[in-house]
Amino acid sequence: MRAFLRRAQPHLHLPMLLLAFLFLAPLLWMLSTAFKSPEDIITGLGAMRWLPRPVTTENFRSVLDKAEEFPIWRWTGNSVFISLAVTALVLTVDSLAAFAYSRLRWPGRDRIFSLLVATMLVPGQVLLIPSYLLIRHLGLFDTYGALIIPAGAGAFGVFLLRQFFMTIPVELEEAARIDGCGPLGILRHVILPLARPALATLGIFTFMGTWNAFEGPLIFTDSLTMRTLPIGITIFQGRYNTEYGPMMAAAALAAIPVTIAFLIFQRHIIKGISLTGLAGR
């Protein structure tokens with residue numbers, strides 16, 4: 001028993017468990033509130049009572065049954081479609097750009113890549129007004145294109161894939177070139193199959209970021225049918241009162257897809273992040 005405690009290192013694991021609980025506390029409170037009655041929510045806030053008494057599913061029914069007032073299925077469909085479309089576009093555009101920056105030789109490549117990475121220092125909020133004016137000018141306001149096209153590429157994805165592509169041995173590329181493959185053939189048959197961990201990492205990050213996006217859908221859309229789940233949830237927050245139960249129920253439903261996606265691809269995420277940092281210049 002003493003040897004087990006020595007190997008377990010409780011002085012390290014206990015603080016880690018406490019930190020993990022602190023990170024999970026908002027999620028646990030959200031799930032608990034989603035199953036509480038309005039009276040239980042009011043009394044539970046003052047007493048800091050976590051467990052619902054009694055357990056009720058009325059909040060979920062109120063969210064799902066009021067389809068005309070709260071079209072949650074339409075919002076869910078919008079979020080799924082936009083997230084998948086943006087993820088597919090980001091993987092396509094960023095992989096092509098990363099291949100050009102890592103494998104092709106052309107004048108000014110490294111300097112332009114440095115400028116591209118420098119754009120990561122620019123806050124996204126700075127680009128909201130220019131993006132809004134451009135979307136208005138192109139006639140894309142309140143359409144799917146306004147939420148998909150501006151998010152279809154990013155410097156982070158190019159940087160992540162470029163670093164991973166540089167870890168792939170050059171001999172594989174030379175062998176493919178001897179067999180008659182051109183640049184696109186090398187990318188398709190050699191680079192991309194070996195870069196699945198990095199692609200999975202970028203894909204899940206992009207999907208989660210697009211699913212949780214708030215500012216873009218709020219500014220670039222206007223109609224109720226074009227809203228996404230994060231924007232739709234704010235409808236439960238009124239000017240003078242907040243419906244905490246339905247809001248937490250809607251938030252719990254919105255968290256299910258990204259949680260499932262993360263659990264499925266977490267092994268690829270860890271592998272992709274660990275291998276991406278091994279590349280040199």
# chains A, B, ... in the order shown; residues from 1 in each chain; ligands from 1

call {"tool": "select_by_dssp", "arguments": {"residues": "segment 125-245 of chain A", "states": "helix (DSSP H, G or I)", "output": "ChimeraX atom specification"}}
result
/A:125-138,144-148,155-165,170-178,183-194,196-211,215-220,224-226,229-236,244-245

call {"tool": "closest_residue", "arguments": {"among": "A:Phe70, A:Phe165, A:Phe205, A:Phe60", "to": "Leu253 of chain A", "atoms": "only C-alpha atoms"}}
result
A:Phe60

call {"tool": "atom_distance", "arguments": {"atom1": "atom CA of Glu173 of chain A", "atom2": "atom CA of Arg111 of chain A"}}
result
24.1 Å

call {"tool": "residues_around", "arguments": {"residues": "Leu91 of chain A", "least_positions_apart": "5", "cutoff": "8 Å", "atoms": "only C-alpha atoms", "output": "list in words"}}
result
Gly157, Leu199, Leu202 and Gly203 of chain A

call {"tool": "residues_around", "arguments": {"residues": "segment 219-229 of chain A", "least_positions_apart": "4", "cutoff": "6 Å", "atoms": "only C-alpha atoms", "output": "PDB file with N, CA and C atoms, in the first residue's frame"}}
result
ATOM      1  N   TRP A  75     -31.944  26.303 -35.637  1.00  0.00           N
ATOM      2  CA  TRP A  75     -30.647  26.802 -35.180  1.00  0.00           C
ATOM      3  C   TRP A  75     -29.609  25.680 -35.148  1.00  0.00           C
ATOM      4  N   THR A  76     -30.046  24.508 -34.715  1.00  0.00           N
ATOM      5  CA  THR A  76     -29.119  23.373 -34.686  1.00  0.00           C
ATOM      6  C   THR A  76     -28.677  23.001 -36.095  1.00  0.00           C
ATOM      7  N   ASN A  78     -28.575  24.995 -38.689  1.00  0.00           N
ATOM      8  CA  ASN A  78     -27.659  26.040 -39.153  1.00  0.00           C
ATOM      9  C   ASN A  78     -26.259  25.842 -38.580  1.00  0.00           C
ATOM     10  N   SER A  79     -26.176  25.563 -37.292  1.00  0.00           N
ATOM     11  CA  SER A  79     -24.865  25.384 -36.660  1.00  0.00           C
ATOM     12  C   SER A  79     -24.132  24.188 -37.247  1.00  0.00           C
ATOM     13  N   PHE A 141     -25.147  39.556 -46.891  1.00  0.00           N
ATOM     14  CA  PHE A 141     -25.653  39.732 -45.530  1.00  0.00           C
ATOM     15  C   PHE A 141     -26.866  38.848 -45.298  1.00  0.00           C
ATOM     16  N   ASP A 142     -26.913  38.226 -44.119  1.00  0.00           N
ATOM     17  CA  ASP A 142     -28.003  37.342 -43.701  1.00  0.00           C
ATOM     18  C   ASP A 142     -28.115  36.112 -44.605  1.00  0.00           C
TER      19      ASP A 142
END

call {"tool": "closest_residue", "arguments": {"among": "A:Met248, A:Ala175, A:Arg74, A:Gly154", "to": "Thr234 of chain A", "atoms": "only C-alpha atoms"}}
result
A:Met248

call {"tool": "residues_around", "arguments": {"residues": "Ala176 of chain A", "least_positions_apart": "6", "cutoff": "12 Å", "atoms": "only C-alpha atoms", "output": "PyMOL selection string"}}
result
chain A and resi 169-170+182-191

call {"tool": "residues_around", "arguments": {"residues": "segment 127-136 of chain A", "least_positions_apart": "2", "cutoff": "12 Å", "atoms": "only C-alpha atoms", "output": "list in words"}}
result
Thr119, Val122, Pro123, Gly124, Gln125, Leu138, Gly139, Leu140, Phe141, Asp142, Thr143, Tyr144, Gly145, Ala146, Leu147, Ile148, Ile149, Pro150, Ala151, Phe214, Glu215, Gly216, Pro217, Leu218, Ile219, Phe220 and Thr221 of chain A

call {"tool": "atom_distance", "arguments": {"atom1": "atom CA of Lys36 of chain A", "atom2": "atom CA of Thr242 of chain A"}}
result
14.6 Å

call {"tool": "closest_residue", "arguments": {"among": "A:Glu68, A:Val126, A:Phe113, A:Leu27", "to": "Thr259 of chain A", "atoms": "only C-alpha atoms"}}
result
A:Leu27
